[in-house]
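Shown next: run31.cif, containing mmCIF, C-alpha atoms.
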```cif
data_work
loop_
_atom_site.label_atom_id
_atom_site.label_comp_id
_atom_site.auth_asym_id
_atom_site.auth_seq_id
_atom_site.Cartn_x
_atom_site.Cartn_y
_atom_site.Cartn_z
CA MET A 1110 69.11 119.14 53.57
CA VAL A 1111 65.71 120.65 52.74
CA TYR A 1112 64.85 123.71 54.81
CA ALA A 1113 61.35 125.00 55.46
CA LEU A 1114 62.22 128.46 54.10
CA LYS A 1115 64.32 129.02 51.01
CA ASP A 1116 66.81 131.86 50.56
CA GLY A 1117 65.10 134.82 48.94
CA LYS A 1118 61.59 133.92 50.15
CA LYS A 1119 59.45 137.01 50.83
CA LEU A 1120 57.50 137.18 54.08
CA LEU A 1121 55.12 139.78 55.54
CA SER A 1122 54.82 140.21 59.30
CA LYS A 1123 51.69 140.89 61.31
CA HIS A 1124 52.89 144.48 61.62
CA ARG A 1125 52.98 144.66 57.80
CA ILE A 1126 56.78 144.69 57.65
CA PRO A 1127 58.28 142.82 54.66
CA TYR A 1128 61.22 140.50 55.28
CA THR A 1129 63.45 138.51 52.92
CA VAL A 1130 65.04 135.23 53.99
CA LYS A 1131 68.83 135.52 53.58
CA ARG A 1132 70.25 132.29 54.99
CA PHE A 1133 69.66 129.31 57.28
CA ILE A 1134 71.39 129.59 60.69
CA ALA A 1135 70.50 126.57 62.83
CA SER A 1136 67.88 123.98 63.69
CA GLY A 1137 66.49 122.94 67.07
CA GLY A 1138 63.74 120.86 68.61
CA GLN A 1139 60.97 123.38 67.97
CA GLY A 1140 62.01 124.84 64.64
CA GLU A 1141 64.65 126.46 62.46
CA VAL A 1142 66.37 129.83 62.74
CA TYR A 1143 67.06 132.02 59.70
CA GLU A 1144 68.67 135.35 59.07
CA VAL A 1145 66.20 137.77 57.47
CA GLU A 1146 66.39 141.31 56.18
CA ASP A 1147 63.80 144.09 56.24
CA LYS A 1148 63.34 146.63 53.45
CA SER A 1149 65.85 149.03 55.05
CA GLY A 1150 68.59 146.38 55.00
CA GLN A 1151 68.47 145.72 58.75
CA ARG A 1152 69.20 142.08 59.59
CA TYR A 1153 67.23 140.03 62.15
CA ALA A 1154 66.81 136.42 63.21
CA LEU A 1155 63.59 134.53 62.47
CA LYS A 1156 62.61 131.42 64.43
CA TRP A 1157 60.29 129.38 62.20
CA TYR A 1158 58.34 126.64 63.98
CA PHE A 1159 57.98 123.06 62.78
CA LYS A 1160 54.41 121.92 62.24
CA HIS A 1161 54.26 120.00 65.54
CA SER A 1162 55.40 123.10 67.47
CA ALA A 1163 53.24 125.64 65.65
CA THR A 1164 50.31 125.32 68.06
CA LYS A 1165 47.64 127.91 68.76
CA TYR A 1166 48.89 128.15 72.35
CA GLN A 1167 52.44 128.89 71.14
CA GLN A 1168 51.17 131.55 68.74
CA LYS A 1169 49.16 133.26 71.48
CA LEU A 1170 52.16 133.08 73.81
CA ILE A 1171 54.40 134.79 71.24
CA GLU A 1172 51.79 137.49 70.63
CA ARG A 1173 51.54 138.16 74.38
CA LEU A 1174 55.32 138.41 74.69
CA ILE A 1175 55.50 140.87 71.79
CA GLU A 1176 52.79 142.97 73.39
CA ARG A 1177 54.50 142.88 76.81
CA GLY A 1178 57.96 143.82 75.53
CA SER A 1179 61.42 142.73 76.61
CA PRO A 1180 62.48 142.90 80.30
CA ASP A 1181 65.74 144.54 79.17
CA GLU A 1182 68.25 144.69 76.31
CA ARG A 1183 69.91 141.38 77.22
CA PHE A 1184 66.94 139.39 75.94
CA LEU A 1185 66.62 138.56 72.24
CA TRP A 1186 62.89 139.04 72.68
CA PRO A 1187 60.14 138.39 70.10
CA LEU A 1188 59.58 141.63 68.16
CA ASP A 1189 57.11 140.63 65.45
CA ILE A 1190 55.26 137.54 64.25
CA ILE A 1191 55.01 136.15 60.72
CA LEU A 1192 52.27 133.79 59.53
CA ALA A 1193 52.61 131.95 56.22
CA ASP A 1194 51.67 128.60 54.69
CA GLY A 1195 49.73 127.57 57.79
CA LEU A 1196 52.81 127.99 60.01
CA PHE A 1197 54.37 130.90 61.86
CA GLY A 1198 57.56 132.25 63.38
CA TYR A 1199 58.81 135.28 65.25
CA VAL A 1200 61.42 137.94 64.52
CA MET A 1201 64.09 138.90 67.06
CA ARG A 1202 67.39 140.74 67.12
CA LEU A 1203 70.25 138.91 65.47
CA ARG A 1204 72.98 137.66 67.79
CA PRO A 1205 76.36 139.26 66.93
CA PRO A 1206 79.11 136.75 66.01
CA MET A 1207 81.39 137.63 68.97
CA TYR A 1208 78.92 136.05 71.41
CA LYS A 1209 79.77 132.46 72.32
CA SER A 1210 77.82 129.67 73.98
CA ILE A 1211 78.57 127.87 77.23
CA VAL A 1212 79.37 124.82 75.08
CA ASP A 1213 82.14 126.92 73.49
CA LEU A 1214 83.39 127.63 77.01
CA MET A 1215 83.28 123.94 77.97
CA LYS A 1216 85.19 122.94 74.83
CA ARG A 1217 87.73 125.78 75.28
CA ARG A 1218 86.69 127.43 72.02
CA ALA A 1219 86.14 130.51 74.16
CA GLU A 1220 88.58 131.35 76.96
CA PRO A 1221 87.46 134.46 78.85
CA THR A 1222 89.47 135.98 81.66
CA PHE A 1223 88.13 135.42 85.17
CA SER A 1224 87.16 139.10 85.17
CA ALA A 1225 84.98 138.60 82.07
CA LEU A 1226 83.55 135.38 83.50
CA CYS A 1227 82.57 137.17 86.71
CA MET A 1228 80.84 139.86 84.64
CA ALA A 1229 79.00 137.16 82.69
CA GLY A 1230 77.79 135.72 86.01
CA ILE A 1231 76.63 139.15 87.19
CA ASN A 1232 74.89 139.93 83.91
CA LEU A 1233 73.23 136.52 83.73
CA ALA A 1234 71.83 136.79 87.27
CA ASP A 1235 70.80 140.40 86.68
CA GLY A 1236 68.98 139.49 83.47
CA TYR A 1237 66.92 136.76 85.12
CA GLN A 1238 66.27 139.02 88.09
CA SER A 1239 64.80 141.56 85.67
CA LEU A 1240 62.60 138.84 84.17
CA HIS A 1241 61.46 137.45 87.53
CA SER A 1242 60.73 140.92 88.93
CA GLN A 1243 58.01 141.23 86.28
CA GLY A 1244 56.29 138.06 87.49
CA LEU A 1245 57.65 135.97 84.62
CA CYS A 1246 59.20 132.51 84.56
CA TYR A 1247 61.75 131.48 81.92
CA ARG A 1248 61.07 127.72 82.32
CA ASP A 1249 64.01 126.44 80.25
CA ILE A 1250 67.35 127.87 81.45
CA SER A 1251 70.11 125.79 79.88
CA PHE A 1252 73.22 125.77 77.66
CA GLY A 1253 71.28 126.60 74.54
CA ASN A 1254 69.75 129.91 75.52
CA LEU A 1255 72.70 131.86 76.92
CA PHE A 1256 75.46 133.50 74.91
CA PHE A 1257 78.26 135.68 76.27
CA ASN A 1258 81.00 137.92 74.94
CA PRO A 1259 84.33 136.47 76.16
CA ALA A 1260 85.92 139.92 75.91
CA ASP A 1261 83.76 141.67 78.51
CA GLY A 1262 81.19 139.23 79.92
CA ASP A 1263 78.17 140.84 78.29
CA VAL A 1264 75.35 138.30 77.86
CA LEU A 1265 72.43 137.68 75.53
CA ILE A 1266 69.49 135.45 76.47
CA CYS A 1267 67.66 133.87 73.56
CA ASP A 1268 64.82 131.35 73.03
CA ASN A 1269 62.45 133.51 75.03
CA ASP A 1270 59.39 132.03 73.34
CA ASN A 1271 58.63 129.77 76.33
CA VAL A 1272 58.56 132.60 78.88
CA THR A 1273 55.24 132.73 80.73
CA VAL A 1274 53.80 134.20 83.88
CA ASN A 1275 55.00 132.47 87.03
CA LEU A 1276 53.26 129.14 87.76
CA ASP A 1277 51.46 129.09 84.41
CA LYS A 1278 49.57 125.79 84.18
CA ASP A 1279 48.98 125.80 80.43
CA SER A 1280 52.55 125.53 79.13
CA SER A 1281 53.96 122.07 78.46
CA THR A 1282 57.60 123.25 78.57
CA HIS A 1283 59.33 121.92 81.68
CA GLY A 1284 62.98 122.49 80.82
CA THR A 1285 66.09 120.81 79.43
CA PRO A 1286 67.48 117.54 80.88
CA ARG A 1287 70.31 118.09 83.40
CA PHE A 1288 68.93 121.56 84.19
CA ILE A 1289 65.40 120.68 85.35
CA ALA A 1290 64.78 121.08 89.07
CA PRO A 1291 64.29 117.78 90.96
CA GLU A 1292 60.72 118.64 92.02
CA ILE A 1293 59.69 118.94 88.35
CA ILE A 1294 61.28 115.58 87.48
CA THR A 1295 59.46 113.88 90.37
CA GLY A 1296 56.19 115.52 89.36
CA LYS A 1297 55.75 117.41 92.62
CA LYS A 1298 55.78 120.93 91.14
CA ARG A 1299 55.53 122.83 87.88
CA PRO A 1300 58.08 125.34 86.54
CA SER A 1301 58.29 128.56 88.54
CA THR A 1302 60.75 131.28 89.49
CA GLU A 1303 62.02 128.89 92.20
CA THR A 1304 62.78 126.18 89.66
CA ASP A 1305 64.40 128.84 87.45
CA LEU A 1306 66.76 129.58 90.36
CA TYR A 1307 67.82 125.93 90.43
CA SER A 1308 68.42 125.82 86.66
CA MET A 1309 70.36 129.09 86.85
CA ALA A 1310 72.58 127.66 89.60
CA VAL A 1311 73.34 124.63 87.41
CA LEU A 1312 74.25 126.91 84.51
CA LEU A 1313 76.49 129.04 86.76
CA PHE A 1314 78.21 125.91 88.09
CA TYR A 1315 78.91 124.85 84.51
CA MET A 1316 80.32 128.30 83.74
CA PHE A 1317 82.69 128.44 86.71
CA MET A 1318 83.50 124.75 87.23
CA LEU A 1319 83.11 123.43 83.65
CA HIS A 1320 81.18 120.49 85.06
CA HIS A 1321 77.70 119.46 86.24
CA PRO A 1322 77.12 119.70 90.01
CA LEU A 1323 75.53 116.23 90.25
CA GLU A 1324 77.82 114.22 87.96
CA GLY A 1325 80.42 112.40 90.03
CA ALA A 1326 81.19 108.80 90.90
CA ILE A 1327 77.54 107.75 90.76
CA GLU A 1328 77.17 108.93 87.16
CA ALA A 1329 80.55 107.49 86.18
CA ASN A 1330 79.60 104.02 87.42
CA ILE A 1331 76.31 103.80 85.50
CA LYS A 1332 76.68 101.44 82.55
CA CYS A 1333 73.50 102.47 80.71
CA PHE A 1334 72.80 106.19 81.04
CA ASP A 1335 69.17 106.00 79.94
CA ALA A 1336 66.09 108.04 80.92
CA LYS A 1337 65.58 106.03 84.10
CA ALA A 1338 69.17 106.64 85.20
CA MET A 1339 68.85 110.36 84.47
CA GLU A 1340 65.66 110.59 86.53
CA LYS A 1341 67.49 108.97 89.45
CA ILE A 1342 70.58 111.22 89.31
CA TYR A 1343 68.87 114.52 88.57
CA GLY A 1344 65.48 113.98 90.21
CA HIS A 1345 64.81 111.19 92.69
CA ASP A 1346 68.24 110.75 94.34
CA PRO A 1347 70.41 113.77 93.49
CA VAL A 1348 73.73 114.09 95.38
CA PHE A 1349 75.98 117.13 95.07
CA ILE A 1350 79.50 116.11 94.07
CA TRP A 1351 80.94 118.20 96.94
CA ASP A 1352 78.24 117.47 99.52
CA PRO A 1353 80.03 117.97 102.88
CA VAL A 1354 78.11 115.08 104.50
CA ASN A 1355 77.48 112.59 101.71
CA GLN A 1356 80.76 111.76 99.94
CA SER A 1357 79.36 109.00 97.72
CA ASN A 1358 79.35 111.16 94.59
CA ARG A 1359 82.80 112.74 94.64
CA PRO A 1360 84.31 113.46 91.18
CA ILE A 1361 86.76 110.84 89.96
CA PRO A 1362 90.37 112.00 89.35
CA GLY A 1363 91.48 111.44 85.79
CA TYR A 1364 87.90 111.41 84.53
CA GLN A 1365 86.15 114.42 86.08
CA ASP A 1366 89.18 116.63 86.64
CA ASN A 1367 87.54 119.99 85.86
CA ALA A 1368 85.28 119.58 88.88
CA ILE A 1369 88.30 118.98 91.10
CA ILE A 1370 90.65 121.64 89.75
CA PHE A 1371 88.19 124.52 89.60
CA TRP A 1372 86.39 123.74 92.86
CA HIS A 1373 89.57 124.21 94.88
CA MET A 1374 90.57 127.30 92.90
CA TYR A 1375 87.71 129.49 94.15
CA PRO A 1376 87.38 131.18 97.57
CA PRO A 1377 85.38 129.47 100.35
CA TYR A 1378 82.38 131.83 100.14
CA LEU A 1379 81.66 130.86 96.53
CA ARG A 1380 82.02 127.16 97.31
CA GLU A 1381 79.63 127.62 100.25
CA MET A 1382 77.02 129.22 97.98
CA PHE A 1383 77.19 126.39 95.48
CA THR A 1384 77.05 123.90 98.35
CA GLN A 1385 73.83 125.47 99.62
CA ALA A 1386 72.37 125.58 96.11
CA PHE A 1387 72.92 121.83 95.65
CA THR A 1388 72.28 120.49 99.16
CA LYS A 1389 69.47 122.40 100.88
CA GLY A 1390 68.50 123.95 97.55
CA LEU A 1391 68.05 120.52 95.95
CA ARG A 1392 64.94 119.85 98.02
CA ASP A 1393 63.81 123.24 99.31
CA GLY A 1394 63.02 125.93 96.76
CA HIS A 1395 63.08 128.58 99.50
CA ALA A 1396 66.73 127.70 100.30
CA ARG A 1397 67.97 128.48 96.79
CA ILE A 1398 70.42 131.30 96.12
CA VAL A 1399 68.61 134.32 94.68
CA GLU A 1400 69.93 136.53 91.90
CA LYS A 1401 71.15 139.40 94.15
CA GLU A 1402 73.25 136.96 96.19
CA TRP A 1403 74.92 135.61 93.03
CA LYS A 1404 75.60 139.16 91.80
CA ASP A 1405 77.21 140.12 95.12
CA ALA A 1406 79.36 136.98 95.09
CA PHE A 1407 80.63 137.47 91.54
CA ALA A 1408 81.32 141.17 92.15
CA LYS A 1409 83.34 140.18 95.23
CA LEU A 1410 85.14 137.52 93.21
CA ARG A 1411 85.96 140.02 90.47
CA ASN A 1412 87.40 142.45 93.04
CA SER A 1413 89.69 139.73 94.43
CA ILE A 1414 91.53 138.89 91.19
CA LEU A 1415 95.31 139.19 91.35
CA PHE A 1416 98.12 137.97 89.13
CA CYS A 1417 100.94 135.52 89.70
CA GLN A 1418 104.29 137.32 89.39
CA GLY A 1419 105.83 134.14 87.96
CA CYS A 1420 103.48 132.92 85.23
CA GLY A 1421 100.94 135.76 85.02
CA ALA A 1422 97.92 133.54 85.74
CA GLU A 1423 94.82 135.08 87.31
CA ASN A 1424 94.24 134.00 90.90
CA PHE A 1425 91.94 135.00 93.76
CA PHE A 1426 93.13 136.74 96.90
CA ASN A 1427 93.54 134.97 100.21
CA LYS A 1428 95.92 135.51 103.12
CA LYS A 1429 98.65 133.27 101.66
CA PRO A 1430 97.91 133.02 97.95
CA VAL A 1431 99.60 130.28 95.95
CA CYS A 1432 99.22 130.23 92.16
CA TRP A 1433 96.91 127.47 91.00
CA ALA A 1434 98.82 127.22 87.70
CA CYS A 1435 102.51 127.16 88.68
CA LYS A 1436 102.18 126.63 92.47
CA ALA A 1437 104.45 129.60 93.23
CA ALA A 1438 103.74 131.92 96.18
CA ILE A 1439 102.13 135.20 95.13
CA SER A 1440 102.93 138.59 96.65
CA PRO A 1441 99.55 140.36 96.85
CA PRO A 1442 99.31 143.93 95.54
CA PRO A 1443 97.99 146.81 97.69
CA ARG A 1444 94.25 146.69 98.34
CA LEU A 1445 91.50 149.25 98.68
CA ASN A 1446 89.01 148.48 101.45
CA ILE A 1447 85.86 150.34 100.53
CA LYS A 1448 82.47 149.64 102.10
CA GLY A 1449 83.76 146.25 103.20
CA GLN A 1450 84.93 145.36 99.70
CA LEU A 1451 88.57 144.43 99.18
CA VAL A 1452 89.60 145.63 95.72
CA MET A 1453 92.95 144.37 94.47
CA LEU A 1454 95.03 147.26 93.11
CA ASN A 1455 96.78 145.54 90.22
CA ALA A 1456 98.60 147.55 87.56
CA ASN A 1457 95.53 147.41 85.31
CA SER A 1458 92.89 147.88 88.01
CA LEU A 1459 90.04 150.36 87.72
CA ILE A 1460 87.75 151.76 90.39
CA TYR A 1461 84.15 151.68 89.18
CA ALA A 1462 80.89 153.27 90.22
CA HIS A 1463 79.92 149.92 91.73
CA HIS A 1464 82.68 150.20 94.32
CA LEU A 1465 81.20 153.47 95.56
CA LEU A 1466 77.49 152.80 95.10
CA GLY A 1467 77.08 149.01 95.08
CA ASN A 1468 75.00 149.22 91.89
CA PHE A 1469 76.92 146.64 89.77
CA ASP A 1470 77.98 149.39 87.36
CA PHE A 1471 81.33 148.14 86.07
CA SER A 1472 81.33 150.46 83.07
CA THR A 1473 81.58 153.89 84.74
CA VAL A 1474 85.22 154.42 85.73
CA VAL A 1475 85.86 156.72 88.71
CA GLY A 1476 89.55 155.98 89.21
CA LYS A 1477 92.46 154.11 87.62
CA LEU A 1478 95.85 152.84 88.75
CA SER A 1479 98.67 155.03 87.48
CA GLN A 1480 102.44 154.63 87.64
CA HIS A 1481 104.59 157.59 88.72
CA PRO A 1482 106.14 159.12 85.53
CA THR A 1483 109.68 159.27 86.96
CA GLN A 1484 109.58 156.71 89.79
CA PRO A 1485 108.37 153.40 88.29
CA GLY A 1486 108.03 151.73 91.70
CA LYS A 1487 105.43 154.22 92.89
CA TRP A 1488 101.75 153.92 92.03
CA GLY A 1489 98.59 155.84 92.77
CA ILE A 1490 94.89 156.12 91.97
CA THR A 1491 94.09 158.83 89.43
CA ASN A 1492 90.82 160.74 89.83
CA SER A 1493 88.76 160.05 86.69
CA THR A 1494 85.69 161.98 87.88
CA ALA A 1495 84.74 165.66 87.64
CA ASP A 1496 84.75 166.06 91.44
CA ASN A 1497 87.47 166.52 94.05
CA TRP A 1498 88.53 163.70 96.35
CA SER A 1499 89.87 164.07 99.87
CA PHE A 1500 93.15 162.25 100.68
CA THR A 1501 94.18 161.70 104.31
CA LYS A 1502 97.62 160.35 105.22
CA PRO A 1503 98.01 157.97 108.18
CA GLY A 1504 99.30 160.88 110.28
CA GLY A 1505 96.16 162.91 109.67
CA ASP A 1506 97.33 165.41 107.03
CA THR A 1507 94.58 165.95 104.43
CA SER A 1508 94.84 167.18 100.85
CA VAL A 1509 92.57 167.56 97.85
CA ILE A 1510 92.88 165.27 94.83
CA GLU A 1511 91.47 167.23 91.91
CA PRO A 1512 90.14 165.60 88.70
CA GLY A 1513 93.07 164.19 86.74
CA ARG A 1514 95.38 164.22 89.78
CA THR A 1515 96.65 161.09 91.56
CA ALA A 1516 96.41 159.91 95.17
CA PRO A 1517 99.54 157.91 96.12
CA LEU A 1518 99.23 154.33 97.35
CA VAL A 1519 100.22 154.81 100.98
CA SER A 1520 99.31 152.02 103.38
CA GLY A 1521 96.75 153.25 105.90
CA ALA A 1522 95.82 156.35 103.90
CA LYS A 1523 92.15 157.17 103.31
CA ILE A 1524 90.51 158.41 100.12
CA ASN A 1525 87.11 160.02 100.39
CA PHE A 1526 85.52 159.59 96.96
CA GLY A 1527 82.35 161.46 97.93
CA PRO A 1528 79.77 158.64 98.01
CA ALA A 1529 82.18 156.38 99.93
CA GLU A 1530 85.54 156.33 101.68
CA GLY A 1531 88.26 153.76 101.09
CA VAL A 1532 91.34 152.74 103.07
CA ILE A 1533 94.53 151.59 101.34
CA GLU A 1534 95.90 148.38 102.85
#
```

If you took the structure in this file and wrote it as structure tokens, what would it be?
Amino acid sequence: MVYALKDGKKLLSKHRIPYTVKRFIASGGQGEVYEVEDKSGQRYALKWYFKHSATKYQQKLIERLIERGSPDERFLWPLDIILADGLFGYVMRLRPPMYKSIVDLMKRRAEPTFSALCMAGINLADGYQSLHSQGLCYRDISFGNLFFNPADGDVLICDNDNVTVNLDKDSSTHGTPRFIAPEIITGKKRPSTETDLYSMAVLLFYMFMLHHPLEGAIEANIKCFDAKAMEKIYGHDPVFIWDPVNQSNRPIPGYQDNAIIFWHMYPPYLREMFTQAFTKGLRDGHARIVEKEWKDAFAKLRNSILFCQGCGAENFFNKKPVCWACKAAISPPPRLNIKGQLVMLNANSLIYAHHLLGNFDFSTVVGKLSQHPTQPGKWGITNSTADNWSFTKPGGDTSVIEPGRTAPLVSGAKINFGPAEGVIE
């Protein structure tokens, strides 16, 4: 295959930074991506546009994005622009190899824990919230522009070269098939933050259900899945596969099993959110789930993870939990009720700043589950902060839990962490 840029080619950016092409990475609809190196040896990615994509509008858009700067560190944002041979491209940070695509998730080439998947959902929603809060619209949320680290749920958002101000009328980018909001397909509206919310909900459904929210019996029975059929399913007559009123598009057992298995695995509140997103939210942009609501839901979901004592599979807490994998009854661990959040106290559980402050900080540890050194059946929460906690037994006796000391798991006891108080259940 002949690539536009050859290995070893020297390029000079608009900021007068020299780059050397090191290798070809991938090709897409707009252009090719290469790994390049600056004179200090730092590696970057370079998206080099094909002739038909290298328009004056696209160049101006890239220049405006570079001038504006990235919303936050999760975006592989344009950093510099290179013009050569009548074409151009932009330089961005290089994606580390541990980050995987949603396609990798769908094909089971990446198998994150539910905890990591919840963090990916939080980080994805938080990233787009950061973008939207600056009056920007992504326009093309889909499989191809999100990568996540299966180990911890960190995310990177790429292909930011189509980001514009909300309701921009000049851009011709409307999105990727299967992710485009119905009102764009029918020609009623242009891309906006509202249509971004729809595309984000589709992507989240894929992540948690490994299936498309509109692909059920109707899609399965179409003999020729051409452009006209796609317009009908995704635009003119969309029907959510789990619509509580219209059951005509239910997933077919044996053919669309992911949609069936995963849907029933999750707690009712998450199913209700997806139901709203793809019933009322199909036709009313104001009824769509906003980023903060998704973040709250995935934080709650993360808190509710518990493990089957039989097979070790991750499950989600309910009053009578039964393992989805082996169908055995699960004995729930103790729980910490803090600010209305129920946090499962598994052997590996950590208490984070988020549990005290509600700030989605799942990196700052304030407490950890610890086993008694001489009595293996006894557990407690060890103070990982620099401040004292107050521990109150059910009878009313109060003691101080100093940094490094452990509060025992006693049902009905209260722990005052400072910013918030929790009750052990």

Step by step, work through what the PyMOL selection byres ((chain A and resi 1132) around 6) selects in the shown file, and finish by giving those residues as an mmCIF file with C-alpha atoms, in the frame of the given file.
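Contents of out.cif, as written:
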```
data_model
loop_
_atom_site.group_PDB
_atom_site.id
_atom_site.type_symbol
_atom_site.label_atom_id
_atom_site.label_comp_id
_atom_site.auth_asym_id
_atom_site.auth_seq_id
_atom_site.Cartn_x
_atom_site.Cartn_y
_atom_site.Cartn_z
ATOM 1 C CA ASP A 1116 66.810 131.860 50.560
ATOM 2 C CA LYS A 1131 68.830 135.520 53.580
ATOM 3 C CA PHE A 1133 69.660 129.310 57.280
ATOM 4 C CA TYR A 1143 67.060 132.020 59.700
ATOM 5 C CA GLU A 1144 68.670 135.350 59.070
#
```

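When all atoms listed in the file are used to measure the gap to Pro1377 of chain A, the shortest distance among A:Trp1498, A:Asp1352, A:Asn1330, A:Asn1427 belongs to A:Asn1427.
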
What would the selection look like, as a PyMOL selection string, if the PyMOL selection byres ((chain A and resi 1342) around 12) were run on the coordinates I just shared?
chain A and resi 1286-1291+1294-1295+1321-1331+1334-1341+1343-1350+1358+1391

Can you write out the residues you just picked, keeping C-alpha atoms, as a CSV table (one decimal), in the frame of the given file?
```csv
chain,number,residue,atom,x,y,z
A,1286,PRO,CA,67.5,117.5,80.9
A,1287,ARG,CA,70.3,118.1,83.4
A,1288,PHE,CA,68.9,121.6,84.2
A,1289,ILE,CA,65.4,120.7,85.4
A,1290,ALA,CA,64.8,121.1,89.1
A,1291,PRO,CA,64.3,117.8,91.0
A,1294,ILE,CA,61.3,115.6,87.5
A,1295,THR,CA,59.5,113.9,90.4
A,1321,HIS,CA,77.7,119.5,86.2
A,1322,PRO,CA,77.1,119.7,90.0
A,1323,LEU,CA,75.5,116.2,90.2
A,1324,GLU,CA,77.8,114.2,88.0
A,1325,GLY,CA,80.4,112.4,90.0
A,1326,ALA,CA,81.2,108.8,90.9
A,1327,ILE,CA,77.5,107.8,90.8
A,1328,GLU,CA,77.2,108.9,87.2
A,1329,ALA,CA,80.6,107.5,86.2
A,1330,ASN,CA,79.6,104.0,87.4
A,1331,ILE,CA,76.3,103.8,85.5
A,1334,PHE,CA,72.8,106.2,81.0
A,1335,ASP,CA,69.2,106.0,79.9
A,1336,ALA,CA,66.1,108.0,80.9
A,1337,LYS,CA,65.6,106.0,84.1
A,1338,ALA,CA,69.2,106.6,85.2
A,1339,MET,CA,68.8,110.4,84.5
A,1340,GLU,CA,65.7,110.6,86.5
A,1341,LYS,CA,67.5,109.0,89.4
A,1343,TYR,CA,68.9,114.5,88.6
A,1344,GLY,CA,65.5,114.0,90.2
A,1345,HIS,CA,64.8,111.2,92.7
A,1346,ASP,CA,68.2,110.8,94.3
A,1347,PRO,CA,70.4,113.8,93.5
A,1348,VAL,CA,73.7,114.1,95.4
A,1349,PHE,CA,76.0,117.1,95.1
A,1350,ILE,CA,79.5,116.1,94.1
A,1358,ASN,CA,79.4,111.2,94.6
A,1391,LEU,CA,68.0,120.5,96.0
```

With a cut-off of 9 Å, could you pull out the residues of segment 1160-1234 of chain A touching segment 1239-1252 of chain A and give me the nearest pair of atoms for each, distance in Å to one decimal, using all atoms listed in the file, ordered by chain and ascending number, as a tab-separated table?
```
residue	atom	partner	partner_atom	distance
A:Ser1179	CA	A:Leu1240	CA	8.6
A:Pro1180	CA	A:Leu1240	CA	5.6
A:Asp1181	CA	A:Ser1239	CA	7.2
A:Ser1210	CA	A:Phe1252	CA	7.1
A:Ile1211	CA	A:Phe1252	CA	5.8
A:Val1212	CA	A:Phe1252	CA	6.7
A:Ala1234	CA	A:Ser1239	CA	8.6
```

Applied to the shown file, which residues does the PyMOL selection byres ((chain A and resi 1192) around 10) return, written as a list in words?
Leu1120, Leu1121, Ser1122, Lys1123, Trp1157, Gln1168, Ile1190, Ile1191, Ala1193, Asp1194, Gly1195, Leu1196, Phe1197, Gly1198 and Tyr1199 of chain A

Please return the centre and edge lengths, in Å to one decimal, of a box with edges along x, y and z that contains all listed atoms of segment 1182-1186 of chain A, widened by 4 Å on every side, as lines of an AutoDock Vina configuration file.
```
center_x = 66.4
center_y = 141.6
center_z = 74.7
size_x = 15.0
size_y = 14.1
size_z = 13.0
```

All residues 10 Å or closer to Ala1396 of chain A, only C-alpha atoms, same chain fewer than 3 positions away omitted, as an MDAnalysis selection string:
chainID A and resid 1303 1385:1393 1399
